[in-house]
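Just model38.txt here, compact mmCIF, C-alpha atoms:
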# COMPACT_ATOMS: atom_id res chain seq x y z
CA MET A 1 113.72 95.15 88.36
CA PRO A 2 115.21 98.25 90.05
CA ASP A 3 117.81 100.32 88.20
CA GLN A 4 121.34 99.36 89.08
CA PRO A 5 123.60 102.16 90.32
CA GLY A 6 125.75 103.76 87.65
CA ARG A 7 124.53 101.54 84.83
CA ALA A 8 122.33 104.04 83.00
CA VAL A 9 123.62 105.56 79.78
CA VAL A 10 122.29 109.00 78.88
CA GLU A 11 122.04 109.88 75.19
CA ASN A 12 121.05 113.14 73.53
CA PRO A 13 119.81 112.26 70.04
CA ALA A 14 119.65 115.07 67.47
CA ASN A 15 116.29 116.83 67.34
CA HIS A 16 115.28 116.18 63.73
CA LEU A 17 111.72 117.30 64.33
CA LEU A 18 112.63 120.85 65.24
CA ARG A 19 114.41 121.26 61.91
CA LYS A 20 111.20 120.38 60.09
CA ILE A 21 109.25 123.29 61.57
CA PRO A 22 109.92 126.63 59.83
CA ASN A 23 108.37 128.63 62.70
CA PRO A 24 108.94 126.62 65.89
CA GLU A 25 108.33 129.68 68.09
CA ALA A 26 104.65 129.29 67.22
CA LEU A 27 104.65 126.03 69.18
CA ARG A 28 105.45 127.78 72.46
CA GLY A 29 102.70 128.47 74.94
CA VAL A 30 99.01 128.06 74.35
CA PRO A 31 97.91 127.38 70.79
CA ASP A 32 96.57 130.10 68.54
CA PRO A 33 92.76 130.41 69.00
CA ILE A 34 92.26 130.08 65.24
CA LEU A 35 94.05 126.74 65.32
CA VAL A 36 92.07 125.58 68.36
CA THR A 37 88.82 126.48 66.59
CA ARG A 38 89.95 124.57 63.53
CA ILE A 39 90.69 121.43 65.55
CA GLU A 40 87.50 121.74 67.59
CA THR A 41 85.50 122.04 64.39
CA ALA A 42 87.07 118.78 63.23
CA ILE A 43 86.13 117.13 66.54
CA ALA A 44 82.55 118.44 66.33
CA ARG A 45 82.24 117.08 62.79
CA GLU A 46 83.41 113.65 63.88
CA ARG A 47 81.16 113.77 66.95
CA ALA A 48 78.10 114.41 64.80
CA THR A 49 78.98 111.49 62.57
CA TYR A 50 79.59 109.31 65.58
CA LEU A 51 76.23 110.09 67.19
CA GLN A 52 74.42 108.14 64.49
CA GLU A 53 76.83 105.24 64.67
CA MET A 54 76.79 105.22 68.46
CA SER A 55 73.06 104.69 68.47
CA LYS A 56 73.45 101.71 66.13
CA ASP A 57 76.35 100.29 68.14
CA VAL A 58 74.42 100.52 71.41
CA GLN A 59 71.43 98.77 69.84
CA HIS A 60 73.67 96.06 68.45
CA LEU A 61 75.24 95.56 71.86
CA ILE A 62 71.81 95.42 73.53
CA ASN A 63 70.72 92.79 71.02
CA LEU A 64 73.81 90.72 71.71
CA LEU A 65 73.31 91.01 75.46
CA THR A 66 69.69 89.96 75.34
CA THR A 67 70.32 87.04 73.00
CA GLY A 68 73.06 85.52 75.13
CA ALA A 69 76.05 86.28 72.93
CA SER A 70 79.44 85.09 74.14
CA PRO A 71 81.81 87.44 75.97
CA ASP A 72 84.12 87.24 72.93
CA ARG A 73 81.43 88.77 70.75
CA LEU A 74 80.43 91.38 73.32
CA TRP A 75 83.93 92.63 74.06
CA PRO A 76 84.85 94.50 70.83
CA LEU A 77 81.61 96.48 70.83
CA ALA A 78 81.65 97.29 74.52
CA HIS A 79 85.31 98.29 74.37
CA GLU A 80 84.78 100.50 71.32
CA LEU A 81 81.74 102.08 72.92
CA ARG A 82 83.63 102.87 76.09
CA CYS A 83 86.48 104.49 74.16
CA MET A 84 84.35 106.54 71.81
CA ALA A 85 81.76 107.64 74.36
CA GLY A 86 84.68 108.82 76.49
CA THR A 87 86.29 110.62 73.60
CA PHE A 88 83.14 112.43 72.60
CA ALA A 89 82.22 113.22 76.21
CA TYR A 90 79.19 111.05 76.92
CA PRO A 91 80.11 110.37 80.56
CA PHE A 92 77.10 108.26 81.51
CA LEU A 93 77.47 105.93 78.54
CA THR A 94 81.23 105.82 79.13
CA GLU A 95 80.78 104.68 82.72
CA VAL A 96 78.15 102.06 81.88
CA ALA A 97 80.33 100.68 79.07
CA GLN A 98 83.36 100.72 81.37
CA VAL A 99 81.59 98.60 84.00
CA LEU A 100 80.30 96.31 81.26
CA CYS A 101 83.84 95.84 79.94
CA GLY A 102 84.98 94.74 83.41
CA LEU A 103 82.05 92.35 83.64
CA ILE A 104 82.78 90.83 80.23
CA LYS A 105 86.44 90.34 81.12
CA LYS A 106 85.45 88.64 84.33
CA HIS A 107 83.19 86.21 82.44
CA GLN A 108 85.51 85.67 79.49
CA THR A 109 85.84 81.95 80.18
CA GLN A 110 82.05 81.52 80.33
CA SER A 111 79.85 80.85 77.30
CA ARG A 112 77.62 83.86 78.10
CA LEU A 113 76.87 86.46 80.77
CA PRO A 114 74.24 85.48 83.36
CA PRO A 115 70.89 86.43 81.71
CA ASP A 116 69.66 88.50 84.66
CA ILE A 117 72.80 90.59 84.68
CA ALA A 118 72.86 90.93 80.89
CA GLU A 119 69.32 92.24 81.06
CA VAL A 120 70.23 94.88 83.65
CA PHE A 121 73.12 96.10 81.50
CA ALA A 122 71.02 96.11 78.34
CA HIS A 123 68.54 98.34 80.09
CA ALA A 124 71.23 100.62 81.51
CA LEU A 125 72.80 100.97 78.04
CA GLN A 126 69.48 101.98 76.59
CA ARG A 127 68.98 104.66 79.22
CA ALA A 128 72.56 105.89 78.90
CA ARG A 129 72.22 106.15 75.12
CA ASP A 130 69.16 108.35 75.48
CA HIS A 131 70.69 110.49 78.24
CA ARG A 132 71.95 113.83 76.94
CA GLY A 133 72.33 115.77 80.20
CA PRO A 134 75.21 116.04 82.66
CA PHE A 135 76.49 113.20 84.79
CA THR A 136 74.70 113.84 88.08
CA ASP A 137 74.30 111.96 91.36
CA LYS A 138 71.42 110.03 89.83
CA GLN A 139 73.61 108.59 87.07
CA GLU A 140 76.41 108.02 89.59
CA SER A 141 73.98 106.02 91.71
CA VAL A 142 73.04 103.86 88.71
CA VAL A 143 76.66 103.24 87.85
CA GLY A 144 77.32 102.39 91.51
CA GLY A 145 74.51 99.82 91.31
CA LEU A 146 75.98 98.34 88.13
CA ARG A 147 79.41 98.14 89.76
CA LYS A 148 77.97 96.22 92.70
CA ILE A 149 76.27 93.77 90.35
CA ALA A 150 79.42 93.39 88.25
CA ALA A 151 81.47 92.75 91.38
CA ARG A 152 79.48 89.64 92.25
CA PRO A 153 81.29 86.32 91.93
CA VAL A 154 80.92 84.67 88.52
CA HIS A 155 78.63 81.90 89.75
CA ALA A 156 76.66 83.98 92.26
CA PRO A 157 72.87 83.67 92.29
CA PRO A 158 70.92 86.35 90.36
CA PRO A 159 70.98 89.84 91.95
CA ALA A 160 68.21 90.61 94.42
CA GLU A 161 65.44 92.96 93.38
CA PRO A 162 66.75 96.06 95.22
CA GLU A 163 70.09 95.80 93.39
CA ARG A 164 68.31 95.41 90.07
CA GLN A 165 66.07 98.35 90.86
CA GLN A 166 69.04 100.63 91.46
CA ALA A 167 70.60 99.71 88.18
CA PHE A 168 67.27 100.15 86.39
CA LEU A 169 67.31 103.86 87.27
CA ASP A 170 64.35 103.44 89.61
CA ALA A 171 66.37 104.14 92.74
CA MET B 1 100.26 134.28 68.27
CA ALA B 2 100.86 132.34 65.10
CA ILE B 3 99.99 129.00 63.65
CA PRO B 4 102.97 126.64 63.42
CA ASN B 5 103.72 125.11 60.08
CA LEU B 6 103.72 121.36 60.80
CA SER B 7 103.22 120.23 57.22
CA ALA B 8 106.60 118.50 57.02
CA LEU B 9 105.81 116.18 59.92
CA SER B 10 104.60 112.62 59.52
CA VAL B 11 102.56 110.90 62.20
CA LEU B 12 101.52 107.30 62.71
CA VAL B 13 98.25 106.75 64.57
CA ALA B 14 97.81 103.30 66.12
CA ASP B 15 94.38 102.51 67.52
CA ASP B 16 92.10 99.49 67.25
CA SER B 17 89.05 101.75 67.04
CA GLN B 18 88.29 102.90 63.53
CA GLN B 19 86.34 105.86 64.91
CA MET B 20 89.26 106.92 67.05
CA ARG B 21 91.69 106.66 64.16
CA ARG B 22 89.37 108.78 62.06
CA LEU B 23 89.07 111.38 64.81
CA LEU B 24 92.82 111.62 65.37
CA VAL B 25 93.50 111.88 61.64
CA ALA B 26 90.92 114.67 61.39
CA MET B 27 92.47 116.50 64.35
CA LEU B 28 95.99 116.15 62.96
CA ASN B 29 94.87 117.34 59.54
CA ALA B 30 93.25 120.35 61.19
CA THR B 31 96.59 121.02 62.91
CA GLY B 32 98.26 121.07 59.50
CA ILE B 33 99.76 117.59 59.58
CA TRP B 34 98.68 115.86 56.41
CA ASN B 35 101.12 112.98 56.29
CA VAL B 36 99.24 110.67 58.66
CA THR B 37 99.19 106.90 58.42
CA THR B 38 97.18 104.55 60.59
CA ALA B 39 97.52 101.10 62.11
CA SER B 40 94.87 99.05 63.87
CA ASP B 41 97.18 97.18 66.23
CA GLY B 42 100.74 97.02 67.49
CA ARG B 43 101.90 94.58 64.85
CA GLU B 44 100.75 96.82 62.01
CA ALA B 45 102.26 99.82 63.78
CA LEU B 46 105.68 98.17 64.08
CA GLU B 47 105.60 97.33 60.38
CA SER B 48 104.61 100.87 59.51
CA ILE B 49 107.41 102.30 61.65
CA ARG B 50 109.89 100.05 59.87
CA LEU B 51 108.66 101.02 56.41
CA ARG B 52 107.75 104.68 56.82
CA ARG B 53 109.80 105.99 59.75
CA PRO B 54 107.17 108.44 61.05
CA ASP B 55 108.25 111.46 63.08
CA ILE B 56 105.76 110.86 65.88
CA LEU B 57 103.71 107.86 67.01
CA ILE B 58 100.33 108.42 68.63
CA THR B 59 99.07 105.17 70.11
CA ASP B 60 96.19 103.81 72.09
CA ALA B 61 97.15 101.95 75.26
CA ASP B 62 94.71 99.10 75.00
CA MET B 63 94.68 97.36 71.60
CA GLY B 64 94.20 93.80 70.44
CA HIS B 65 97.15 91.58 69.38
CA ILE B 66 100.16 93.68 70.33
CA GLY B 67 98.74 96.35 72.66
CA GLY B 68 99.98 99.90 73.14
CA MET B 69 102.28 99.16 76.07
CA GLU B 70 103.87 96.23 74.27
CA LEU B 71 104.22 98.33 71.13
CA VAL B 72 106.10 101.04 73.01
CA ARG B 73 108.30 98.48 74.72
CA SER B 74 109.15 96.93 71.33
CA VAL B 75 109.95 100.30 69.77
CA ARG B 76 112.24 101.22 72.65
CA ARG B 77 113.89 97.91 73.45
CA ASN B 78 113.95 95.59 70.44
CA GLN B 79 117.47 95.06 69.13
CA ASP B 80 116.23 95.57 65.58
CA SER B 81 113.94 98.50 66.37
CA ALA B 82 113.72 100.88 63.42
CA ALA B 83 113.29 103.95 65.60
CA PRO B 84 114.12 103.57 69.30
CA TYR B 85 114.07 107.35 69.87
CA LEU B 86 110.67 107.82 68.22
CA PRO B 87 108.56 110.35 70.18
CA ILE B 88 105.49 108.50 71.44
CA ILE B 89 102.25 110.04 72.66
CA MET B 90 99.85 107.63 74.33
CA VAL B 91 96.12 108.33 74.22
CA THR B 92 93.87 106.35 76.51
CA GLY B 93 90.62 106.25 78.38
CA HIS B 94 92.45 104.77 81.36
CA CYS B 95 93.60 107.68 83.46
CA GLU B 96 94.28 105.80 86.67
CA GLN B 97 97.67 106.45 88.24
CA SER B 98 98.76 102.87 87.57
CA TRP B 99 98.23 103.25 83.81
CA VAL B 100 100.10 106.53 83.70
CA GLU B 101 103.00 104.99 85.61
CA GLN B 102 103.02 101.93 83.38
CA ALA B 103 103.05 104.16 80.29
CA ARG B 104 105.93 106.19 81.72
CA ASP B 105 107.87 103.06 82.60
CA VAL B 106 107.64 101.49 79.14
CA GLY B 107 109.04 104.70 77.63
CA VAL B 108 106.13 106.87 76.55
CA ASN B 109 107.02 110.55 76.07
CA GLU B 110 103.60 112.06 76.64
CA PHE B 111 100.22 110.86 77.84
CA ILE B 112 96.74 112.14 76.92
CA ALA B 113 93.63 111.03 78.80
CA LYS B 114 90.34 110.90 76.93
CA PRO B 115 88.27 112.86 76.15
CA ILE B 116 90.98 114.29 73.96
CA SER B 117 90.95 118.05 73.43
CA ALA B 118 92.44 120.30 70.77
CA THR B 119 94.73 121.98 73.27
CA ALA B 120 95.89 118.71 74.86
CA LEU B 121 96.91 117.24 71.50
CA PHE B 122 98.66 120.44 70.41
CA MET B 123 100.55 120.81 73.69
CA ARG B 124 101.81 117.20 73.63
CA ILE B 125 102.99 117.54 70.04
CA SER B 126 104.71 120.83 70.92
CA GLU B 127 106.36 119.21 73.93
CA VAL B 128 107.97 116.35 71.99
CA ILE B 129 109.25 118.80 69.37
CA LEU B 130 110.45 121.65 71.58
CA ASN B 131 111.58 119.82 74.70
CA PRO B 132 112.89 116.38 73.84
CA ARG B 133 114.25 114.80 76.99
CA PRO B 134 117.58 112.96 77.11
CA PHE B 135 117.27 109.28 76.23
CA ILE B 136 118.09 106.77 78.93
CA ARG B 137 119.36 103.24 78.45
CA ALA B 138 119.41 101.28 81.69
CA PRO B 139 118.97 97.60 82.47
CA ALA B 140 115.41 98.19 83.66
CA TYR B 141 114.41 101.14 81.51
CA VAL B 142 114.88 102.43 77.98
CA GLY B 143 113.19 105.65 76.94
CA PRO B 144 112.98 109.38 77.51
CA ASP B 145 114.30 110.63 80.82
CA ARG B 146 111.55 110.12 83.37
CA ARG B 147 112.87 113.11 85.33
CA ARG B 148 111.13 116.06 83.78
CA ARG B 149 112.78 118.53 86.12
CA ARG B 150 116.19 118.67 87.68
CA SER B 151 116.16 119.35 91.40
CA ASP B 152 119.20 120.79 93.12
CA GLN B 153 117.72 119.66 96.43
CA PHE B 154 117.69 115.98 95.42
CA GLU B 155 120.15 114.13 97.65
CA GLY B 156 120.08 110.75 96.04
CA PRO B 157 120.16 107.87 95.54
CA PHE B 158 122.10 108.59 92.33
CA ARG B 159 121.86 105.74 89.87
CA ARG B 160 123.53 107.08 86.77
CA GLN B 161 127.20 107.16 85.94
CA SER B 162 126.67 110.63 84.44
CA ASP B 163 125.27 111.94 87.74
CA ILE B 164 128.31 110.71 89.58
CA MET B 165 130.72 112.16 87.01
CA GLU B 166 128.90 115.48 87.08
CA MET B 167 129.16 115.63 90.84
CA THR B 168 132.83 114.72 90.78
CA ASN B 169 133.51 117.58 88.37
CA SER B 170 131.39 120.25 89.91
CA ASP B 171 130.35 119.49 93.45
CA GLU B 172 132.62 120.12 96.39
CA ASN B 173 130.68 117.50 98.35
CA ALA B 174 131.15 114.89 95.68
CA PRO B 175 132.78 112.22 97.89
CA ALA B 176 129.96 112.35 100.41
CA ARG B 177 127.28 112.29 97.76
CA GLN B 178 129.03 109.60 95.76
CA ASP B 179 128.75 107.34 98.78
CA LYS B 180 125.01 107.58 98.49
CA ALA B 181 125.20 106.47 94.88
CA SER B 182 127.08 103.31 95.58

For this file, write the structure as structure tokens.
Amino acid sequence: MPDQPGRAVVENPANHLLRKIPNPEALRGVPDPILVTRIETAIARERATYLQEMSKDVQHLINLLTTGASPDRLWPLAHELRCMAGTFAYPFLTEVAQVLCGLIKKHQTQSRLPPDIAEVFAHALQRARDHRGPFTDKQESVVGGLRKIAARPVHAPPPAEPERQQAFLDA
Amino acid sequence: MAIPNLSALSVLVADDSQQMRRLLVAMLNATGIWNVTTASDGREALESIRLRRPDILITDADMGHIGGMELVRSVRRNQDSAAPYLPIIMVTGHCEQSWVEQARDVGVNEFIAKPISATALFMRISEVILNPRPFIRAPAYVGPDRRRRRSDQFEGPFRRQSDIMEMTNSDENAPARQDKAS
């Protein structure tokens, strides 16, 4: 609904937050390097902890995919993986999980993902988990292949071999 | 440079990912904010806002039950909202333009795209403290002013009564410009 002319009321609530900061001038501009280091150390600590859990989560998701788990069971893990891999800067895993999330949503009314497609994603997840380098054209090509497979209609026949090959990192 | 003393602030973190909640709490603690509570969905967050009245809400966009967008809409628009002016920072892995616009239009103050960095979090917190925008109540929008800058070159359309009054008081061309507002 578009705004109606002249109907907006503008309020200026008191800034209670500012009163709680004894040295608000320290908030201006870029943060103090000591503070940045402190926060980055906290991120690094969490990242290290997450690495171990990520490995377990990916394996759990692979197991679910290969055993024909329902989209309802796949979703929380795939969604969590996408968020956390993104947060801790694992771009390849993030992209694979992102495409998988879209695929799961698309099949949410089905009892399971098509086995051929689930297998492709299980394999891609495994490779993405073990990938520690930058996100290059090769990974982009794999993700592109996964996107094409995920874009297929829900009841489409299994993907042809060339499509599977691309997503299996053999392209 | 100096480190701001943020120890008197309280923050509510709403995210359905336990890992993400843990990370944000760790980052906030490192910033000097120790009074941090967490919620795993929008429903829990609304209850926490009612009970604890946090100073800032940091929320995920995409949560189960009541999601981030719905949470923000409830905080801003519900008749019985405990804190309609609450500064809200949205953190999300969705950085497409449509998500940013949706976040802006439900009344989010600041937006952080993942992966979240130390500087990004600090700058957004600083922004809501140092530069709170006026609060707008309109039929189609309730939340912080979506105009971050005021442009003298903007010629309309003018949709706020305050714009029209301001022009009437200060602008020699008010009649002509008022026409555009109507």

* For atom CA of Val96 of chain A and atom CA of Asp137 of chain A, determine how far apart the two atoms are, in Å to one decimal place. =>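 So the answer is 14.2 Å.
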
* Residues of chain B within 8 Å of chain A, all atoms listed in the file counted, as a PyMOL selection string -> chain B and resi 1-6+8-9+17+19-20+22-23+26-28+30-31+55+85+92-93+114-119+122-123+126+129-130+132-141+158-162+164+181-182

Please write the residues from the selection above to a file, keeping C-alpha atoms, as a CSV table (one decimal), keeping the file's coordinate frame.
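To be explicit, this is the file written out as again_39.csv:
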chain,number,residue,atom,x,y,z
B,1,MET,CA,100.3,134.3,68.3
B,2,ALA,CA,100.9,132.3,65.1
B,3,ILE,CA,100.0,129.0,63.6
B,4,PRO,CA,103.0,126.6,63.4
B,5,ASN,CA,103.7,125.1,60.1
B,6,LEU,CA,103.7,121.4,60.8
B,8,ALA,CA,106.6,118.5,57.0
B,9,LEU,CA,105.8,116.2,59.9
B,17,SER,CA,89.0,101.8,67.0
B,19,GLN,CA,86.3,105.9,64.9
B,20,MET,CA,89.3,106.9,67.0
B,22,ARG,CA,89.4,108.8,62.1
B,23,LEU,CA,89.1,111.4,64.8
B,26,ALA,CA,90.9,114.7,61.4
B,27,MET,CA,92.5,116.5,64.4
B,28,LEU,CA,96.0,116.2,63.0
B,30,ALA,CA,93.2,120.4,61.2
B,31,THR,CA,96.6,121.0,62.9
B,55,ASP,CA,108.2,111.5,63.1
B,85,TYR,CA,114.1,107.4,69.9
B,92,THR,CA,93.9,106.4,76.5
B,93,GLY,CA,90.6,106.2,78.4
B,114,LYS,CA,90.3,110.9,76.9
B,115,PRO,CA,88.3,112.9,76.2
B,116,ILE,CA,91.0,114.3,74.0
B,117,SER,CA,91.0,118.0,73.4
B,118,ALA,CA,92.4,120.3,70.8
B,119,THR,CA,94.7,122.0,73.3
B,122,PHE,CA,98.7,120.4,70.4
B,123,MET,CA,100.6,120.8,73.7
B,126,SER,CA,104.7,120.8,70.9
B,129,ILE,CA,109.2,118.8,69.4
B,130,LEU,CA,110.4,121.6,71.6
B,132,PRO,CA,112.9,116.4,73.8
B,133,ARG,CA,114.2,114.8,77.0
B,134,PRO,CA,117.6,113.0,77.1
B,135,PHE,CA,117.3,109.3,76.2
B,136,ILE,CA,118.1,106.8,78.9
B,137,ARG,CA,119.4,103.2,78.4
B,138,ALA,CA,119.4,101.3,81.7
B,139,PRO,CA,119.0,97.6,82.5
B,140,ALA,CA,115.4,98.2,83.7
B,141,TYR,CA,114.4,101.1,81.5
B,158,PHE,CA,122.1,108.6,92.3
B,159,ARG,CA,121.9,105.7,89.9
B,160,ARG,CA,123.5,107.1,86.8
B,161,GLN,CA,127.2,107.2,85.9
B,162,SER,CA,126.7,110.6,84.4
B,164,ILE,CA,128.3,110.7,89.6
B,181,ALA,CA,125.2,106.5,94.9
B,182,SER,CA,127.1,103.3,95.6

So for segment 107-111 of chain B, what box centre and size do we get, axis-aligned, 4 Å extra on each of the six sides, every listed atom, Å to one decimal, as lines of an AutoDock Vina configuration file?
center_x = 104.6
center_y = 108.4
center_z = 77.0
size_x = 16.8
size_y = 15.4
size_z = 9.8

Find the spatial neighbours of Ile112 of chain B, counting only C-alpha atoms, within a cut-off of 8 Å - ignore same-chain residues fewer than 3 positions away - and output them as an mmCIF file with C-alpha atoms, in the coordinates of the input.
data_model
loop_
_atom_site.group_PDB
_atom_site.id
_atom_site.type_symbol
_atom_site.label_atom_id
_atom_site.label_comp_id
_atom_site.auth_asym_id
_atom_site.auth_seq_id
_atom_site.Cartn_x
_atom_site.Cartn_y
_atom_site.Cartn_z
ATOM 1 C CA ILE B 89 102.250 110.040 72.660
ATOM 2 C CA MET B 90 99.850 107.630 74.330
ATOM 3 C CA VAL B 91 96.120 108.330 74.220
ATOM 4 C CA THR B 92 93.870 106.350 76.510
ATOM 5 C CA ILE B 116 90.980 114.290 73.960
ATOM 6 C CA ALA B 120 95.890 118.710 74.860
ATOM 7 C CA LEU B 121 96.910 117.240 71.500
ATOM 8 C CA ARG B 124 101.810 117.200 73.630
#

* Structure fact -> Students should find that atom CA of Lys148 of chain A and atom CA of Glu161 of chain A are spaced 13.0 Å

* Which of these residues is nearest to Gln102 of chain B, using all atoms listed in the file: B:Ala45, B:Leu51, B:Val72, B:Ile56? ->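 Answer, going by the shortest atom-to-atom distance: B:Val72.
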
* By how many Å are atom CA of Ser81 of chain B and atom CA of Ile125 of chain B apart? ->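 One can read the atom CA of Ser81 of chain B to atom CA of Ile125 of chain B distance as 22.3 Å.
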
Which neighbours of Leu100 of chain A fall inside 8 Å, counting all atoms listed in the file, when residues of the same chain fewer than 2 positions from it are skipped, and could you give them as a compact mmCIF listing (two decimals) with C-alpha atoms, in the coordinates of the input?
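Okay, this is what ended up in part_14.txt:
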# COMPACT_ATOMS: atom_id res chain seq x y z
CA ALA A 78 81.65 97.29 74.52
CA VAL A 96 78.15 102.06 81.88
CA ALA A 97 80.33 100.68 79.07
CA GLN A 98 83.36 100.72 81.37
CA GLY A 102 84.98 94.74 83.41
CA LEU A 103 82.05 92.35 83.64
CA ILE A 104 82.78 90.83 80.23
CA PHE A 121 73.12 96.10 81.50
CA ALA A 150 79.42 93.39 88.25

* Among listed residues A:Glu119, A:Thr136, A:Lys106, A:Ser111, nearest Ala151 of chain A (using all atoms listed in the file) ->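 Looking only at the distances to Ala151 of chain A, the closest residue turns out to be A:Lys106.
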
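Distances to Arg50 of chain B were evaluated for B:Val142, B:Met63, B:Leu71, B:Ala83 using all atoms listed in the file, and the minimum falls at B:Ala83.
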
* **Neighbour list for segment 153-159 of chain A as a VMD selection string, cut-off 8 Å, all atoms listed in the file, skip fewer than 2 positions in-chain** => chain A and resid 106 to 107 114 116 to 117 149 151 161 163 to 164
